[in-house]
Amino acid sequence: MPLKCNTSHCHPEDNECQAGHHSLSVCPHLIRSEGATEAGGPNTVGAELDGRRVSWTGSAMGLTDLEPLSARSRILLVGLVGMENAGKTTFLALLFSFLRRGQTIPGYRFAGSNTLPGWELIAGFLTFRDGSNQVSFPPHTSRNAGRVPGLLHLALKDVSGHLIDVVFTDAPGEWFNEWRNNQKADAAVGAEWIHQHGDGFLLFADCEELAGPNRGTARMEIQMLADRLGTNLGKRPLGLVWAKSDVENVRPALREKIQGYIQAIGPQRYREFAISVKQDEQQHWHKQVLETVSWLIDTIRHEPGEPLPLIPSANTDDLFLLRRSVSS
Ligand SMILES: Nc1nc2c(ncn2[C@@H]2O[C@H](COP(=O)(O)OP(=O)(O)OP(=O)(O)O)[C@@H](O)[C@H]2O)c(=O)[nH]1
Ligand SMILES: [Mg+2]
């Protein structure tokens with residue numbers, strides 16, 4: 001049975017304690033429900049918070065941590081959707097590695113992050129360390145990540161200097177597996193939350209799975225996820241990310257069927273991207289990671305088909321507009 005608390009907005013089940021206790025067991029507000037044990041497992045009274053889900057540690061954020069951010073700007077929430085091992089966390093790790101190296105998201109400058117250690121935690125796996133030439137992939141995202149996904153934050157500035165807060169979800173593929181089968185399943189609450197609150201989505205298609213013996217199942221799973229995402233999608237942009245594009249495309253017809261299927265669902269604002277951890281001068285897989293984010297932010301911020309408003313040039317005959325120069 002999940003842990004409960006009588007303080008509003010407190011979520012011990014997500015390992016968040018509004019009173020700031022590191023060990024949930026010492027919090028006087030905690031309701032010790034039947035079945036909650038003293039140690040072990042995600043929903044335990046004895047669980048050490050260890051700063052994992054509170055924003056001031058810089059770790060990936062939880063739902064409550066969004067509040068202070070939303071006070072400064074309208075947060076753009078980008079939902080990363082895909083089955084287990086589809087490449088969602090690796091995409092985020094790549095994105096941060098490029099930003100850390102000084103590369104930019106086209107049209108946007110890096111202006112900070114509330115979750116730097118959270119980004120480092122995943123990008124660190126793709127980083128060469130002193131004395132070692134080994135890199136590895138970030139670990140599988142745990143299904144015990146809580147009720148809401150891990151949230152990674154980027155503050156960006158556009159060309160005119162406007163600050164934009166973007167938050168990316170890093171959720172376990174298992175959530176989406178449950179969600180594609182049953183939208184209302186208990187284990188699909190996090191996936192449903194992403195769909196409800198996301199301002200834009202990236203659907204990950206695993207090119208390795210699509211080239212392997214389980215390609216039929218992989219195709220069906222992607223299509224089912226696309227169906228779910230397509231429901232009430234409205235103007236929200238949907239990007240299809242061909243992850244692990246370095247794996248040879250042995251079944252081009254299969255990919256075309258997926259493309260056709262998603263286009264038939266009719267997302268109003270749709271684009272495809274091919275990415276990989278491997279560098280390729282012709283395919284620009286790395287560049288497309290940054291372009292994916294740029295396209296999403298641009299699309300979320302601007303109404304479809306609506307050109308950016310033109311800034312009228314000052315009419316120099318108008319004395320009102322010339323007020324300052326007249327009075328100076
Ligand atoms: N060949 C190849 N393999 C990749 C690439 N990106 C990821 N992988 C492999 O795919 C695995 C899963 O990647 P993740 O990024 O953890 O996938 P995920 O979607 O976050 O998975 P969950 O956390 O389980 O939902 C990695 O451990 C790698 O083995 C890529 O660009 N090329
Ligand atoms: Mg993951």
# chains A, B, ... in the order shown; residues from 1 in each chain; ligands from 1
$ closest_atom_pairs --of "chain A" --to "ligand 1" --cutoff "8 Å" --atoms "only C-alpha atoms and all ligand atoms" --output "JSON lines"
{"residue": "A:Gly82", "atom": "CA", "partner": "ligand 1", "partner_atom_place_in_ligand_line": "19 (O)", "distance": 6.1}
{"residue": "A:Met83", "atom": "CA", "partner": "ligand 1", "partner_atom_place_in_ligand_line": "25 (O)", "distance": 5.8}
{"residue": "A:Glu84", "atom": "CA", "partner": "ligand 1", "partner_atom_place_in_ligand_line": "24 (O)", "distance": 3.7}
{"residue": "A:Asn85", "atom": "CA", "partner": "ligand 1", "partner_atom_place_in_ligand_line": "21 (O)", "distance": 3.4}
{"residue": "A:Ala86", "atom": "CA", "partner": "ligand 1", "partner_atom_place_in_ligand_line": "19 (O)", "distance": 3.8}
{"residue": "A:Gly87", "atom": "CA", "partner": "ligand 1", "partner_atom_place_in_ligand_line": "15 (O)", "distance": 3.3}
{"residue": "A:Lys88", "atom": "CA", "partner": "ligand 1", "partner_atom_place_in_ligand_line": "19 (O)", "distance": 3.8}
{"residue": "A:Thr89", "atom": "CA", "partner": "ligand 1", "partner_atom_place_in_ligand_line": "20 (O)", "distance": 3.8}
{"residue": "A:Thr90", "atom": "CA", "partner": "ligand 1", "partner_atom_place_in_ligand_line": "15 (O)", "distance": 3.6}
{"residue": "A:Phe91", "atom": "CA", "partner": "ligand 1", "partner_atom_place_in_ligand_line": "15 (O)", "distance": 6.4}
{"residue": "A:Ser136", "atom": "CA", "partner": "ligand 1", "partner_atom_place_in_ligand_line": "27 (O)", "distance": 7.7}
{"residue": "A:Phe137", "atom": "CA", "partner": "ligand 1", "partner_atom_place_in_ligand_line": "27 (O)", "distance": 4.8}
{"residue": "A:Pro138", "atom": "CA", "partner": "ligand 1", "partner_atom_place_in_ligand_line": "16 (O)", "distance": 5.6}
{"residue": "A:Pro139", "atom": "CA", "partner": "ligand 1", "partner_atom_place_in_ligand_line": "16 (O)", "distance": 5.5}
{"residue": "A:His140", "atom": "CA", "partner": "ligand 1", "partner_atom_place_in_ligand_line": "23 (O)", "distance": 3.9}
{"residue": "A:Thr141", "atom": "CA", "partner": "ligand 1", "partner_atom_place_in_ligand_line": "23 (O)", "distance": 3.5}
{"residue": "A:Ser142", "atom": "CA", "partner": "ligand 1", "partner_atom_place_in_ligand_line": "23 (O)", "distance": 6.6}
{"residue": "A:Asp170", "atom": "CA", "partner": "ligand 1", "partner_atom_place_in_ligand_line": "20 (O)", "distance": 7.2}
{"residue": "A:Ala171", "atom": "CA", "partner": "ligand 1", "partner_atom_place_in_ligand_line": "25 (O)", "distance": 6.3}
{"residue": "A:Pro172", "atom": "CA", "partner": "ligand 1", "partner_atom_place_in_ligand_line": "25 (O)", "distance": 3.9}
{"residue": "A:Gly173", "atom": "CA", "partner": "ligand 1", "partner_atom_place_in_ligand_line": "25 (O)", "distance": 3.3}
{"residue": "A:Glu174", "atom": "CA", "partner": "ligand 1", "partner_atom_place_in_ligand_line": "25 (O)", "distance": 6.4}
{"residue": "A:Phe204", "atom": "CA", "partner": "ligand 1", "partner_atom_place_in_ligand_line": "19 (O)", "distance": 7.6}
{"residue": "A:Glu208", "atom": "CA", "partner": "ligand 1", "partner_atom_place_in_ligand_line": "1 (N)", "distance": 6.8}
{"residue": "A:Ala243", "atom": "CA", "partner": "ligand 1", "partner_atom_place_in_ligand_line": "31 (O)", "distance": 6.0}
{"residue": "A:Lys244", "atom": "CA", "partner": "ligand 1", "partner_atom_place_in_ligand_line": "31 (O)", "distance": 3.6}
{"residue": "A:Ser245", "atom": "CA", "partner": "ligand 1", "partner_atom_place_in_ligand_line": "31 (O)", "distance": 6.4}
{"residue": "A:Asp246", "atom": "CA", "partner": "ligand 1", "partner_atom_place_in_ligand_line": "32 (N)", "distance": 5.8}
{"residue": "A:Val247", "atom": "CA", "partner": "ligand 1", "partner_atom_place_in_ligand_line": "1 (N)", "distance": 5.8}
{"residue": "A:Ile275", "atom": "CA", "partner": "ligand 1", "partner_atom_place_in_ligand_line": "31 (O)", "distance": 6.5}
{"residue": "A:Ser276", "atom": "CA", "partner": "ligand 1", "partner_atom_place_in_ligand_line": "31 (O)", "distance": 3.4}
{"residue": "A:Val277", "atom": "CA", "partner": "ligand 1", "partner_atom_place_in_ligand_line": "31 (O)", "distance": 3.9}
{"residue": "A:Lys278", "atom": "CA", "partner": "ligand 1", "partner_atom_place_in_ligand_line": "31 (O)", "distance": 6.1}
$ select_by_dssp --residues "range 110-253 of chain A" --states "alpha helix (DSSP H)" --output "PyMOL selection string"
chain A and resi 116-123+173-181+189-197+207-211+215-230+252-253
$ write_last_selection --atoms "C-alpha atoms" --output "CSV table (one decimal), in the first residue's frame"
chain,number,residue,atom,x,y,z
A,116,LEU,CA,22.5,20.0,-13.7
A,117,PRO,CA,23.5,16.9,-11.6
A,118,GLY,CA,20.5,15.1,-13.0
A,119,TRP,CA,21.7,15.7,-16.6
A,120,GLU,CA,25.3,14.9,-15.6
A,121,LEU,CA,24.1,11.6,-14.1
A,122,ILE,CA,22.9,10.4,-17.4
A,123,ALA,CA,25.4,12.2,-19.7
A,173,GLY,CA,9.4,2.3,-21.0
A,174,GLU,CA,7.3,0.0,-18.9
A,175,TRP,CA,4.9,2.8,-18.2
A,176,PHE,CA,4.2,3.2,-21.9
A,177,ASN,CA,3.9,-0.5,-22.3
A,178,GLU,CA,1.1,-0.6,-19.8
A,179,TRP,CA,-0.4,2.6,-21.2
A,180,ARG,CA,-0.6,1.3,-24.8
A,181,ASN,CA,-2.6,-1.7,-23.5
A,189,VAL,CA,-0.7,6.8,-14.5
A,190,GLY,CA,2.7,8.4,-15.2
A,191,ALA,CA,2.4,7.9,-18.9
A,192,GLU,CA,-1.2,9.3,-18.9
A,193,TRP,CA,0.1,12.3,-16.9
A,194,ILE,CA,2.7,12.9,-19.6
A,195,HIS,CA,0.1,12.7,-22.4
A,196,GLN,CA,-2.2,15.1,-20.5
A,197,HIS,CA,0.3,17.7,-19.6
A,207,CYS,CA,15.6,0.9,-35.3
A,208,GLU,CA,17.4,-2.1,-33.7
A,209,GLU,CA,14.2,-3.8,-32.8
A,210,LEU,CA,12.7,-2.9,-36.2
A,211,ALA,CA,15.6,-4.8,-37.8
A,215,ARG,CA,10.2,-6.4,-35.7
A,216,GLY,CA,6.5,-7.2,-36.2
A,217,THR,CA,5.8,-6.7,-32.5
A,218,ALA,CA,8.0,-3.6,-32.4
A,219,ARG,CA,6.0,-2.1,-35.2
A,220,MET,CA,2.7,-2.9,-33.6
A,221,GLU,CA,3.9,-1.3,-30.3
A,222,ILE,CA,5.0,1.9,-32.0
A,223,GLN,CA,1.7,2.1,-33.8
A,224,MET,CA,-0.3,1.6,-30.6
A,225,LEU,CA,1.6,4.3,-28.9
A,226,ALA,CA,1.1,6.6,-31.8
A,227,ASP,CA,-2.7,5.9,-31.6
A,228,ARG,CA,-2.7,6.8,-27.9
A,229,LEU,CA,-0.7,9.9,-28.5
A,230,GLY,CA,-2.9,10.9,-31.4
A,252,PRO,CA,12.7,-0.1,-45.4
A,253,ALA,CA,9.1,-1.2,-46.1
$ closest_residue --among "A:Gly198, A:Ser97, A:Gly212, A:Arg269" --to "Val250 in chain A" --atoms "only C-alpha atoms"
A:Gly212
$ closest_residue --among "A:Pro28, A:Gly266, A:Gly107, A:Gly234" --to "His162 in chain A" --atoms "only C-alpha atoms"
A:Gly107
$ atom_distance --atom1 "CA of Pro267 in chain A" --atom2 "CA of Phe201 in chain A"
11.1 Å
$ residues_around --residues "Leu163 in chain A" --least-positions-apart "5" --cutoff "8 Å" --atoms "only C-alpha atoms" --output "mmCIF file with all heavy atoms, in the first residue's frame"
data_model
loop_
_atom_site.group_PDB
_atom_site.id
_atom_site.type_symbol
_atom_site.label_atom_id
_atom_site.label_comp_id
_atom_site.auth_asym_id
_atom_site.auth_seq_id
_atom_site.Cartn_x
_atom_site.Cartn_y
_atom_site.Cartn_z
ATOM 1 N N SER A 73 8.014 31.406 -15.626
ATOM 2 C CA SER A 73 7.606 31.415 -17.033
ATOM 3 C C SER A 73 6.666 30.243 -17.273
ATOM 4 O O SER A 73 6.523 29.373 -16.412
ATOM 5 C CB SER A 73 8.821 31.261 -17.954
ATOM 6 O OG SER A 73 9.330 29.946 -17.861
ATOM 7 N N ALA A 111 20.854 28.722 -21.072
ATOM 8 C CA ALA A 111 20.833 29.789 -20.064
ATOM 9 C C ALA A 111 20.703 29.219 -18.652
ATOM 10 O O ALA A 111 20.302 29.910 -17.741
ATOM 11 C CB ALA A 111 19.677 30.749 -20.371
ATOM 12 N N ALA A 155 16.976 25.875 -19.087
ATOM 13 C CA ALA A 155 16.556 27.255 -19.340
ATOM 14 C C ALA A 155 17.277 27.678 -20.622
ATOM 15 O O ALA A 155 18.480 27.467 -20.764
ATOM 16 C CB ALA A 155 16.951 28.143 -18.170
ATOM 17 N N LEU A 156 16.521 28.231 -21.551
ATOM 18 C CA LEU A 156 17.099 28.643 -22.834
ATOM 19 C C LEU A 156 16.704 30.091 -23.107
ATOM 20 O O LEU A 156 15.702 30.570 -22.569
ATOM 21 C CB LEU A 156 16.563 27.758 -23.961
ATOM 22 C CG LEU A 156 16.833 26.257 -23.849
ATOM 23 C CD1 LEU A 156 16.031 25.490 -24.894
ATOM 24 C CD2 LEU A 156 18.323 25.956 -24.041
ATOM 25 N N LYS A 157 17.493 30.757 -23.928
ATOM 26 C CA LYS A 157 17.105 32.103 -24.365
ATOM 27 C C LYS A 157 17.002 32.111 -25.876
ATOM 28 O O LYS A 157 17.886 31.573 -26.565
ATOM 29 C CB LYS A 157 18.144 33.122 -23.889
ATOM 30 C CG LYS A 157 17.927 33.518 -22.452
ATOM 31 C CD LYS A 157 18.663 34.768 -22.072
ATOM 32 C CE LYS A 157 18.308 35.128 -20.637
ATOM 33 N NZ LYS A 157 19.154 36.165 -20.105
ATOM 34 N N ASP A 158 15.924 32.695 -26.383
ATOM 35 C CA ASP A 158 15.797 32.762 -27.842
ATOM 36 C C ASP A 158 16.587 33.954 -28.366
ATOM 37 O O ASP A 158 17.226 34.670 -27.585
ATOM 38 C CB ASP A 158 14.316 32.784 -28.263
ATOM 39 C CG ASP A 158 13.599 34.060 -27.845
ATOM 40 O OD1 ASP A 158 14.274 35.006 -27.394
ATOM 41 O OD2 ASP A 158 12.365 34.116 -27.981
#
$ select_by_dssp --residues "range 68-190 of chain A" --states "strand (DSSP E)" --output "list in words"
Leu76, Leu77, Val78, Gly79, Leu80, Val81, Tyr108, Arg109, Phe110, Gly150, Leu151, Leu152, His153, Leu154, Ala155, Leu156, Lys157, Asp158, Leu163, Ile164, Asp165, Val166, Val167, Phe168, Thr169 and Asp170 of chain A
$ write_last_selection --atoms "N, CA, C and O atoms" --output "JSON list (two decimals), in the first residue's frame"
[["chain", "number", "residue", "atom", "x", "y", "z"],
["A", 76, "LEU", "N", 7.52, 24.67, -20.85],
["A", 76, "LEU", "CA", 7.20, 23.82, -21.99],
["A", 76, "LEU", "C", 7.58, 22.40, -21.62],
["A", 76, "LEU", "O", 8.77, 22.11, -21.39],
["A", 77, "LEU", "N", 6.61, 21.54, -21.52],
["A", 77, "LEU", "CA", 6.87, 20.15, -21.11],
["A", 77, "LEU", "C", 6.95, 19.25, -22.34],
["A", 77, "LEU", "O", 6.00, 19.16, -23.11],
["A", 78, "VAL", "N", 8.11, 18.64, -22.52],
["A", 78, "VAL", "CA", 8.33, 17.76, -23.67],
["A", 78, "VAL", "C", 8.28, 16.31, -23.20],
["A", 78, "VAL", "O", 9.08, 15.91, -22.35],
["A", 79, "GLY", "N", 7.33, 15.55, -23.71],
["A", 79, "GLY", "CA", 7.16, 14.16, -23.29],
["A", 79, "GLY", "C", 7.92, 13.23, -24.22],
["A", 79, "GLY", "O", 7.71, 13.24, -25.44],
["A", 80, "LEU", "N", 8.83, 12.43, -23.65],
["A", 80, "LEU", "CA", 9.55, 11.42, -24.43],
["A", 80, "LEU", "C", 8.83, 10.09, -24.25],
["A", 80, "LEU", "O", 8.72, 9.59, -23.12],
["A", 81, "VAL", "N", 8.33, 9.56, -25.34],
["A", 81, "VAL", "CA", 7.46, 8.38, -25.29],
["A", 81, "VAL", "C", 8.09, 7.25, -26.08],
["A", 81, "VAL", "O", 8.58, 7.46, -27.20],
["A", 108, "TYR", "N", 18.39, 28.86, -30.06],
["A", 108, "TYR", "CA", 18.28, 28.99, -28.59],
["A", 108, "TYR", "C", 19.65, 28.84, -27.92],
["A", 108, "TYR", "O", 20.41, 27.95, -28.27],
["A", 109, "ARG", "N", 19.90, 29.73, -26.96],
["A", 109, "ARG", "CA", 21.15, 29.66, -26.18],
["A", 109, "ARG", "C", 20.90, 29.00, -24.85],
["A", 109, "ARG", "O", 19.86, 29.23, -24.23],
["A", 110, "PHE", "N", 21.86, 28.23, -24.39],
["A", 110, "PHE", "CA", 21.76, 27.61, -23.06],
["A", 110, "PHE", "C", 21.81, 28.73, -22.01],
["A", 110, "PHE", "O", 22.69, 29.58, -22.04],
["A", 150, "GLY", "N", 10.86, 11.31, -13.97],
["A", 150, "GLY", "CA", 11.97, 12.20, -13.68],
["A", 150, "GLY", "C", 11.91, 13.35, -14.67],
["A", 150, "GLY", "O", 11.62, 13.14, -15.84],
["A", 151, "LEU", "N", 12.11, 14.56, -14.19],
["A", 151, "LEU", "CA", 11.97, 15.72, -15.07],
["A", 151, "LEU", "C", 13.30, 16.45, -15.14],
["A", 151, "LEU", "O", 13.89, 16.77, -14.11],
["A", 152, "LEU", "N", 13.78, 16.68, -16.34],
["A", 152, "LEU", "CA", 15.06, 17.37, -16.52],
["A", 152, "LEU", "C", 14.81, 18.73, -17.14],
["A", 152, "LEU", "O", 14.08, 18.84, -18.14],
["A", 153, "HIS", "N", 15.44, 19.74, -16.55],
["A", 153, "HIS", "CA", 15.10, 21.12, -16.89],
["A", 153, "HIS", "C", 16.23, 21.80, -17.68],
["A", 153, "HIS", "O", 17.41, 21.59, -17.39],
["A", 154, "LEU", "N", 15.83, 22.60, -18.66],
["A", 154, "LEU", "CA", 16.78, 23.47, -19.38],
["A", 154, "LEU", "C", 16.18, 24.87, -19.44],
["A", 154, "LEU", "O", 15.01, 25.02, -19.79],
["A", 155, "ALA", "N", 16.98, 25.87, -19.09],
["A", 155, "ALA", "CA", 16.56, 27.26, -19.34],
["A", 155, "ALA", "C", 17.28, 27.68, -20.62],
["A", 155, "ALA", "O", 18.48, 27.47, -20.76],
["A", 156, "LEU", "N", 16.52, 28.23, -21.55],
["A", 156, "LEU", "CA", 17.10, 28.64, -22.83],
["A", 156, "LEU", "C", 16.70, 30.09, -23.11],
["A", 156, "LEU", "O", 15.70, 30.57, -22.57],
["A", 157, "LYS", "N", 17.49, 30.76, -23.93],
["A", 157, "LYS", "CA", 17.11, 32.10, -24.36],
["A", 157, "LYS", "C", 17.00, 32.11, -25.88],
["A", 157, "LYS", "O", 17.89, 31.57, -26.57],
["A", 158, "ASP", "N", 15.92, 32.69, -26.38],
["A", 158, "ASP", "CA", 15.80, 32.76, -27.84],
["A", 158, "ASP", "C", 16.59, 33.95, -28.37],
["A", 158, "ASP", "O", 17.23, 34.67, -27.59],
["A", 163, "LEU", "N", 13.48, 34.34, -22.04],
["A", 163, "LEU", "CA", 13.82, 33.12, -21.30],
["A", 163, "LEU", "C", 12.71, 32.08, -21.48],
["A", 163, "LEU", "O", 11.53, 32.39, -21.35],
["A", 164, "ILE", "N", 13.13, 30.84, -21.77],
["A", 164, "ILE", "CA", 12.16, 29.76, -21.95],
["A", 164, "ILE", "C", 12.58, 28.61, -21.06],
["A", 164, "ILE", "O", 13.74, 28.19, -21.09],
["A", 165, "ASP", "N", 11.65, 28.12, -20.25],
["A", 165, "ASP", "CA", 11.94, 26.95, -19.42],
["A", 165, "ASP", "C", 11.38, 25.71, -20.10],
["A", 165, "ASP", "O", 10.17, 25.64, -20.34],
["A", 166, "VAL", "N", 12.27, 24.77, -20.40],
["A", 166, "VAL", "CA", 11.82, 23.53, -21.04],
["A", 166, "VAL", "C", 12.10, 22.39, -20.07],
["A", 166, "VAL", "O", 13.17, 22.32, -19.47],
["A", 167, "VAL", "N", 11.12, 21.50, -19.93],
["A", 167, "VAL", "CA", 11.30, 20.35, -19.04],
["A", 167, "VAL", "C", 11.05, 19.08, -19.86],
["A", 167, "VAL", "O", 10.04, 18.96, -20.55],
["A", 168, "PHE", "N", 12.01, 18.16, -19.79],
["A", 168, "PHE", "CA", 11.90, 16.89, -20.54],
["A", 168, "PHE", "C", 11.56, 15.77, -19.57],
["A", 168, "PHE", "O", 12.13, 15.69, -18.48],
["A", 169, "THR", "N", 10.68, 14.87, -19.98],
["A", 169, "THR", "CA", 10.36, 13.73, -19.10],
["A", 169, "THR", "C", 11.30, 12.58, -19.42],
["A", 169, "THR", "O", 11.59, 12.29, -20.58],
["A", 170, "ASP", "N", 11.80, 11.94, -18.37],
["A", 170, "ASP", "CA", 12.58, 10.70, -18.57],
["A", 170, "ASP", "C", 11.83, 9.59, -17.83],
["A", 170, "ASP", "O", 12.06, 9.36, -16.64]]
$ atom_distance --atom1 "CA of Pro237 in chain A" --atom2 "CA of Tyr270 in chain A"
5.9 Å
